[in-house]
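Here's coords.txt, which has compact mmCIF, C-alpha atoms and all ligand atoms:
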```txt
# COMPACT_ATOMS: atom_id res chain seq x y z
CA MET A 1 0.00 0.00 0.00
CA THR A 2 1.66 3.23 -1.11
CA SER A 3 1.30 6.38 0.96
CA PRO A 4 -1.65 8.61 -0.07
CA PHE A 5 0.92 11.40 -0.27
CA ASP A 6 3.20 9.60 -2.74
CA LEU A 7 3.47 11.53 -6.01
CA SER A 8 5.58 8.97 -7.89
CA GLY A 9 4.73 8.92 -11.59
CA LYS A 10 3.02 12.30 -11.45
CA VAL A 11 4.11 15.33 -13.48
CA ALA A 12 3.73 18.68 -11.75
CA LEU A 13 4.10 22.17 -13.22
CA VAL A 14 4.84 25.02 -10.79
CA THR A 15 4.79 28.61 -12.03
CA GLY A 16 7.16 31.17 -10.56
CA ALA A 17 9.25 28.31 -9.18
CA TYR A 18 12.79 29.67 -9.14
CA ARG A 19 12.62 31.07 -5.62
CA GLY A 20 10.43 31.65 -2.53
CA LEU A 21 7.17 29.79 -2.15
CA GLY A 22 7.29 28.41 -5.70
CA PHE A 23 10.71 26.87 -5.16
CA ALA A 24 9.62 25.38 -1.81
CA ILE A 25 6.47 23.93 -3.41
CA ALA A 26 8.49 22.46 -6.30
CA GLN A 27 11.03 20.93 -3.92
CA GLY A 28 8.27 19.45 -1.75
CA LEU A 29 6.47 17.89 -4.72
CA ALA A 30 9.74 16.47 -6.07
CA ARG A 31 10.65 15.03 -2.66
CA ALA A 32 7.26 13.28 -2.68
CA GLY A 33 8.25 11.61 -5.96
CA ALA A 34 6.80 13.89 -8.64
CA SER A 35 8.64 14.89 -11.77
CA VAL A 36 8.48 18.67 -11.41
CA VAL A 37 8.65 21.28 -14.16
CA LEU A 38 9.85 24.63 -12.85
CA ASN A 39 8.45 27.63 -14.69
CA GLY A 40 9.83 31.12 -14.64
CA ARG A 41 10.71 33.94 -16.99
CA LYS A 42 14.39 34.40 -16.04
CA LYS A 43 16.53 31.61 -17.55
CA ASP A 44 19.55 32.03 -15.30
CA LEU A 45 17.53 31.96 -12.09
CA LEU A 46 15.45 29.03 -13.35
CA ASP A 47 18.53 27.00 -14.31
CA THR A 48 20.15 27.70 -10.94
CA ALA A 49 17.03 26.52 -9.11
CA ALA A 50 16.83 23.36 -11.23
CA SER A 51 20.51 22.59 -10.64
CA GLU A 52 20.04 22.95 -6.88
CA LEU A 53 17.20 20.43 -6.90
CA ARG A 54 18.98 18.04 -9.28
CA ALA A 55 21.95 18.07 -6.91
CA LYS A 56 19.50 16.61 -4.36
CA LYS A 57 18.69 13.82 -6.87
CA LEU A 58 15.24 15.26 -7.49
CA LYS A 59 13.49 14.89 -10.85
CA VAL A 60 13.13 18.43 -12.22
CA SER A 61 13.08 20.20 -15.57
CA THR A 62 12.44 23.78 -16.61
CA ALA A 63 9.89 25.60 -18.77
CA LEU A 64 10.83 29.18 -19.59
CA PHE A 65 7.80 31.37 -20.31
CA ASP A 66 6.02 34.45 -18.97
CA VAL A 67 2.69 33.53 -17.41
CA THR A 68 1.17 36.79 -18.67
CA ASP A 69 1.79 35.75 -22.30
CA ARG A 70 -1.01 33.42 -23.48
CA ASP A 71 0.80 32.27 -26.63
CA ALA A 72 3.96 31.53 -24.63
CA ILE A 73 1.88 29.56 -22.11
CA ARG A 74 0.26 27.48 -24.83
CA GLN A 75 3.62 26.73 -26.46
CA GLY A 76 5.22 26.01 -23.09
CA VAL A 77 2.50 23.63 -21.95
CA ALA A 78 2.51 21.85 -25.33
CA ALA A 79 6.28 21.34 -25.04
CA ILE A 80 5.91 19.93 -21.52
CA GLU A 81 3.18 17.53 -22.62
CA THR A 82 5.35 16.42 -25.57
CA GLU A 83 8.31 15.79 -23.24
CA HIS A 84 6.44 14.26 -20.30
CA GLY A 85 3.25 12.95 -21.91
CA HIS A 86 0.97 14.56 -19.34
CA ILE A 87 0.60 17.26 -16.70
CA ASP A 88 -1.19 15.90 -13.64
CA ILE A 89 -0.67 18.75 -11.20
CA LEU A 90 -0.59 22.52 -11.73
CA PHE A 91 0.43 25.01 -9.07
CA ASN A 92 -0.44 28.58 -10.06
CA ASN A 93 2.09 30.23 -7.77
CA ALA A 94 3.58 33.05 -9.85
CA GLY A 95 2.58 36.39 -8.38
CA ILE A 96 3.70 39.96 -7.90
CA GLN A 97 3.12 42.59 -5.27
CA ARG A 98 3.03 46.37 -5.73
CA ARG A 99 2.38 48.60 -2.73
CA GLY A 100 1.05 52.15 -2.68
CA ALA A 101 -1.81 54.40 -1.60
CA PHE A 102 -5.08 53.46 -3.32
CA ALA A 103 -5.86 57.05 -4.30
CA GLU A 104 -2.75 57.37 -6.45
CA PHE A 105 -2.25 53.71 -7.40
CA PRO A 106 -1.17 53.65 -11.09
CA LEU A 107 -3.52 51.87 -13.47
CA GLU A 108 -0.51 50.27 -15.16
CA GLN A 109 0.49 48.59 -11.87
CA TRP A 110 -3.13 47.53 -11.26
CA ASN A 111 -3.13 45.88 -14.69
CA GLU A 112 0.22 44.17 -13.96
CA ILE A 113 -1.10 42.72 -10.71
CA ILE A 114 -4.34 41.47 -12.24
CA ALA A 115 -2.50 40.02 -15.25
CA THR A 116 -0.03 38.02 -13.14
CA ASN A 117 -2.05 37.17 -10.03
CA LEU A 118 -5.49 36.48 -11.54
CA THR A 119 -5.50 36.27 -15.34
CA ALA A 120 -2.42 34.02 -15.49
CA PRO A 121 -4.01 31.30 -13.29
CA PHE A 122 -7.06 31.47 -15.58
CA ILE A 123 -4.97 31.04 -18.75
CA MET A 124 -2.62 28.46 -17.20
CA SER A 125 -5.56 26.37 -16.00
CA GLN A 126 -7.20 26.44 -19.43
CA ALA A 127 -3.90 25.38 -21.03
CA VAL A 128 -3.58 22.19 -18.95
CA LEU A 129 -7.28 21.39 -18.85
CA ARG A 130 -7.73 19.47 -22.13
CA GLY A 131 -5.19 16.83 -21.09
CA MET A 132 -6.62 16.57 -17.58
CA ILE A 133 -10.16 16.16 -18.91
CA GLU A 134 -9.01 13.52 -21.42
CA ARG A 135 -7.30 11.56 -18.63
CA LYS A 136 -10.11 12.27 -16.13
CA TYR A 137 -7.48 13.29 -13.61
CA GLY A 138 -6.06 16.58 -12.41
CA LYS A 139 -5.02 18.66 -9.41
CA ILE A 140 -4.98 22.43 -9.75
CA VAL A 141 -3.81 24.49 -6.79
CA HIS A 142 -3.87 28.29 -6.85
CA VAL A 143 -1.67 30.23 -4.48
CA ALA A 144 -4.14 32.70 -3.02
CA SER A 145 -3.33 34.79 0.05
CA LEU A 146 -4.30 35.86 3.53
CA MET A 147 -5.37 38.89 1.50
CA SER A 148 -8.00 36.73 -0.20
CA GLU A 149 -9.84 37.05 3.10
CA LEU A 150 -8.46 40.07 4.97
CA ALA A 151 -7.06 43.48 3.98
CA ARG A 152 -4.59 46.10 4.99
CA PRO A 153 -3.80 49.57 3.54
CA THR A 154 -1.46 49.97 0.51
CA VAL A 155 -2.08 46.56 -1.07
CA VAL A 156 -5.64 47.00 -2.35
CA PRO A 157 -5.00 45.83 -5.96
CA TYR A 158 -3.18 42.71 -4.70
CA THR A 159 -6.06 42.09 -2.28
CA ALA A 160 -8.62 42.42 -5.06
CA ALA A 161 -6.67 40.01 -7.28
CA LYS A 162 -6.25 37.43 -4.51
CA GLY A 163 -9.91 37.73 -3.63
CA GLY A 164 -10.59 36.84 -7.23
CA VAL A 165 -8.30 33.83 -6.94
CA ARG A 166 -10.43 32.54 -4.09
CA GLN A 167 -13.59 32.71 -6.21
CA LEU A 168 -11.76 31.35 -9.26
CA THR A 169 -10.92 28.35 -7.08
CA ARG A 170 -14.53 27.80 -6.08
CA GLY A 171 -15.93 28.31 -9.57
CA MET A 172 -13.43 26.01 -11.26
CA ALA A 173 -13.90 23.38 -8.53
CA VAL A 174 -17.64 23.23 -9.06
CA GLU A 175 -17.42 23.07 -12.87
CA LEU A 176 -14.48 20.64 -13.13
CA ALA A 177 -15.33 18.10 -10.40
CA GLN A 178 -17.22 16.03 -12.99
CA HIS A 179 -13.83 15.35 -14.67
CA ASN A 180 -12.18 14.22 -11.43
CA ILE A 181 -10.20 17.46 -11.32
CA GLN A 182 -9.83 18.95 -7.86
CA VAL A 183 -9.18 22.70 -7.57
CA ASN A 184 -8.06 24.16 -4.26
CA ALA A 185 -6.06 27.13 -2.97
CA ILE A 186 -3.30 27.79 -0.48
CA ALA A 187 -3.52 31.12 1.34
CA PRO A 188 -0.12 32.03 2.82
CA GLY A 189 0.16 34.62 5.53
CA TYR A 190 3.40 36.51 6.12
CA PHE A 191 6.24 34.36 4.76
CA ALA A 192 9.92 35.34 4.59
CA THR A 193 10.22 35.71 0.81
CA GLU A 194 11.85 38.21 -1.56
CA MET A 195 8.40 39.66 -2.32
CA ASN A 196 8.24 40.68 1.35
CA ARG A 197 11.88 41.73 1.74
CA ALA A 198 10.95 45.40 2.16
CA LEU A 199 8.53 44.47 4.94
CA ILE A 200 10.98 42.22 6.75
CA ASP A 201 13.65 44.93 6.63
CA ASN A 202 11.22 47.48 8.06
CA ALA A 203 11.68 47.19 11.83
CA GLU A 204 8.21 48.51 12.63
CA PHE A 205 6.41 46.20 10.17
CA ASN A 206 8.53 43.22 11.16
CA SER A 207 7.67 43.84 14.82
CA TRP A 208 3.96 44.13 13.93
CA VAL A 209 3.96 40.78 12.09
CA CYS A 210 5.71 39.02 14.98
CA LYS A 211 3.32 40.49 17.56
CA ARG A 212 0.17 40.01 15.40
CA THR A 213 1.00 36.38 14.61
CA PRO A 214 0.33 33.87 17.43
CA ALA A 215 3.35 31.84 16.24
CA GLY A 216 5.36 35.03 16.85
CA ARG A 217 7.30 34.87 13.59
CA TRP A 218 7.26 34.95 9.79
CA GLY A 219 6.62 31.69 7.96
CA GLU A 220 9.46 29.91 6.22
CA PRO A 221 8.76 28.84 2.59
CA ASP A 222 9.54 25.18 3.30
CA GLU A 223 6.66 25.18 5.81
CA LEU A 224 4.29 25.39 2.87
CA ALA A 225 5.57 22.16 1.25
CA GLY A 226 3.53 19.71 3.34
CA LEU A 227 0.23 21.37 2.47
CA ALA A 228 1.26 21.55 -1.19
CA VAL A 229 2.04 17.82 -1.30
CA PHE A 230 -1.27 17.04 0.42
CA LEU A 231 -3.28 19.05 -2.12
CA ALA A 232 -1.33 17.50 -5.01
CA SER A 233 -1.88 13.94 -3.74
CA SER A 234 -4.64 11.33 -3.64
CA GLY A 235 -4.99 12.23 0.03
CA SER A 236 -7.14 15.17 -1.09
CA ASN A 237 -9.25 13.47 -3.77
CA TYR A 238 -12.52 14.37 -2.05
CA ILE A 239 -11.49 17.96 -1.27
CA THR A 240 -12.26 20.66 -3.83
CA GLY A 241 -13.08 24.36 -3.85
CA GLN A 242 -11.32 24.94 -0.54
CA MET A 243 -8.79 27.58 0.52
CA PHE A 244 -6.29 26.52 3.19
CA VAL A 245 -4.89 29.38 5.25
CA ILE A 246 -1.31 28.87 6.46
CA ASP A 247 -0.42 31.93 8.55
CA GLY A 248 0.84 30.99 12.04
CA GLY A 249 -2.63 31.80 13.39
CA MET A 250 -2.74 35.46 12.31
CA SER A 251 -6.19 35.32 10.72
CA VAL A 252 -7.88 33.87 13.82
CA ALA A 253 -6.30 36.16 16.44
CA LEU A 254 -7.66 39.49 17.78
C1 LIG B 301 1.87 42.67 2.21
C2 LIG B 301 2.33 41.25 1.92
C3 LIG B 301 1.11 40.32 2.03
C4 LIG B 301 1.53 38.91 2.38
C5 LIG B 301 1.19 37.86 1.43
C6 LIG B 301 -0.05 37.24 1.91
O1 LIG B 301 2.35 43.60 1.56
O2 LIG B 301 1.03 42.82 3.13
O3 LIG B 301 2.95 41.12 0.69
O4 LIG B 301 0.34 40.51 0.90
O5 LIG B 301 2.85 38.70 2.55
O6 LIG B 301 1.20 38.30 0.13
O7 LIG B 301 -0.28 36.09 1.16
```

Take the structure from the file and write it as structure tokens.
Amino acid sequence: MTSPFDLSGKVALVTGAYRGLGFAIAQGLARAGASVVLNGRKKDLLDTAASELRAKKLKVSTALFDVTDRDAIRQGVAAIETEHGHIDILFNNAGIQRRGAFAEFPLEQWNEIIATNLTAPFIMSQAVLRGMIERKYGKIVHVASLMSELARPTVVPYTAAKGGVRQLTRGMAVELAQHNIQVNAIAPGYFATEMNRALIDNAEFNSWVCKRTPAGRWGEPDELAGLAVFLASSGSNYITGQMFVIDGGMSVAL
């Protein structure tokens, strides 16, 4: 009897996988036995990440494309399916953050955030869907956010996009369950990633996160891997449309 969390024989595609949460997710899936395709748009960073995981004897390859470019996505996914035969698991992790007062927030930056954080998961999911439907098997996991549920000043566009990711998860889950495709979301709280470097380096904000979080600290990217493996595995076959908050308790504390 194999473990319900064994991903041997599965092919997983992780977007934005060369660092931070995406890299931790990719490493976790590979450690669970999956053959993992790392996506990113910077070749040198992507190759470095792949080399690091290969040095750990993990099965990884790379797919260089920008998740805001629909044609590049289609070509990239087709190339992966030609090389691997199938894509069983998709993690829509790629995301950006731009911070600024709502009143003066530039429309161009709003469009960037929506394109990467919300439209890209839509396009990526469509790109892998035909194969998943044909095989009557698929796991799609969107990386949502604590901001899918809560809000703070200066990140309103990101919050709006991540709120959309939560509903995208629910809508896709309901429509695709008939094909044995489960769609869920991971909602990270404050993790120590490059996207949050400015916050970590800000003594006041850093102190606020540590006081506001019952665990008293920032999350480490590797702490996301277990939940990612669970949602990618047969252990979650009867779970769909759900968003799993992983935030050290922040969202449940006064
Ligand atoms: C911010 C942060 C947050 C969180 C994360 C939540 O500026 O408040 O970037 O958005 O770190 O994105 O998932």

Once you count all atoms listed in the file, what closest atom pair and distance in Å to one decimal does each residue of chain A within 8 Å of ligand LIG 301 (chain B) have, with rows by chain and rising residue number, as a Markdown table?
```
| residue | atom | partner | partner_atom | distance |
| --- | --- | --- | --- | --- |
| A:Gln97 | CA | B:LIG301 | O3 | 6.1 |
| A:Arg98 | CA | B:LIG301 | O1 | 7.8 |
| A:Arg99 | CA | B:LIG301 | O1 | 6.6 |
| A:Ala144 | CA | B:LIG301 | O7 | 6.6 |
| A:Ser145 | CA | B:LIG301 | O7 | 3.5 |
| A:Leu146 | CA | B:LIG301 | O7 | 4.7 |
| A:Met147 | CA | B:LIG301 | C6 | 5.6 |
| A:Ser148 | CA | B:LIG301 | O7 | 7.9 |
| A:Arg152 | CA | B:LIG301 | O2 | 6.8 |
| A:Thr154 | CA | B:LIG301 | O1 | 7.5 |
| A:Val155 | CA | B:LIG301 | O1 | 5.9 |
| A:Tyr158 | CA | B:LIG301 | O4 | 7.0 |
| A:Thr159 | CA | B:LIG301 | O4 | 7.3 |
| A:Ala187 | CA | B:LIG301 | O7 | 5.9 |
| A:Pro188 | CA | B:LIG301 | O7 | 4.4 |
| A:Gly189 | CA | B:LIG301 | C6 | 4.5 |
| A:Tyr190 | CA | B:LIG301 | O5 | 4.2 |
| A:Phe191 | CA | B:LIG301 | O5 | 5.9 |
| A:Met195 | CA | B:LIG301 | O3 | 6.4 |
| A:Asn196 | CA | B:LIG301 | O3 | 5.3 |
| A:Leu199 | CA | B:LIG301 | O1 | 7.1 |
```

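If you count all atoms listed in the file and ignore residues fewer than 5 places along the chain from stretch 85-95 of chain A, what sits within 7 Å of it is A:Lys10, A:Val11, A:Ala12, A:Leu13, A:Val14, A:Thr15, A:Gly16, A:Gly22, A:Thr116, A:Asn117, A:Pro121, A:Val128, A:Gly131, A:Met132, A:Tyr137, A:Gly138, A:Lys139, A:Ile140, A:Val141, A:His142, A:Val143, A:Ala232.
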
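Atom CA of A:Thr62 sits 27.6 Å away from atom CA of A:Ala173.
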
Could you jot down the atom CA of A:Gly100 to atom CA of A:Ser207 separation for me, Å, one decimal place?
-> 20.5 Å

Nearest to A:Met250, restricted to all atoms listed in the file and choosing among A:Val156, A:Ala177, A:Ala17, A:Leu150, comes out as A:Leu150

Interatomic distance (Å, one decimal) between atom CA of A:Leu46 and atom CA of A:Gln126 |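 The value is 23.6 Å.
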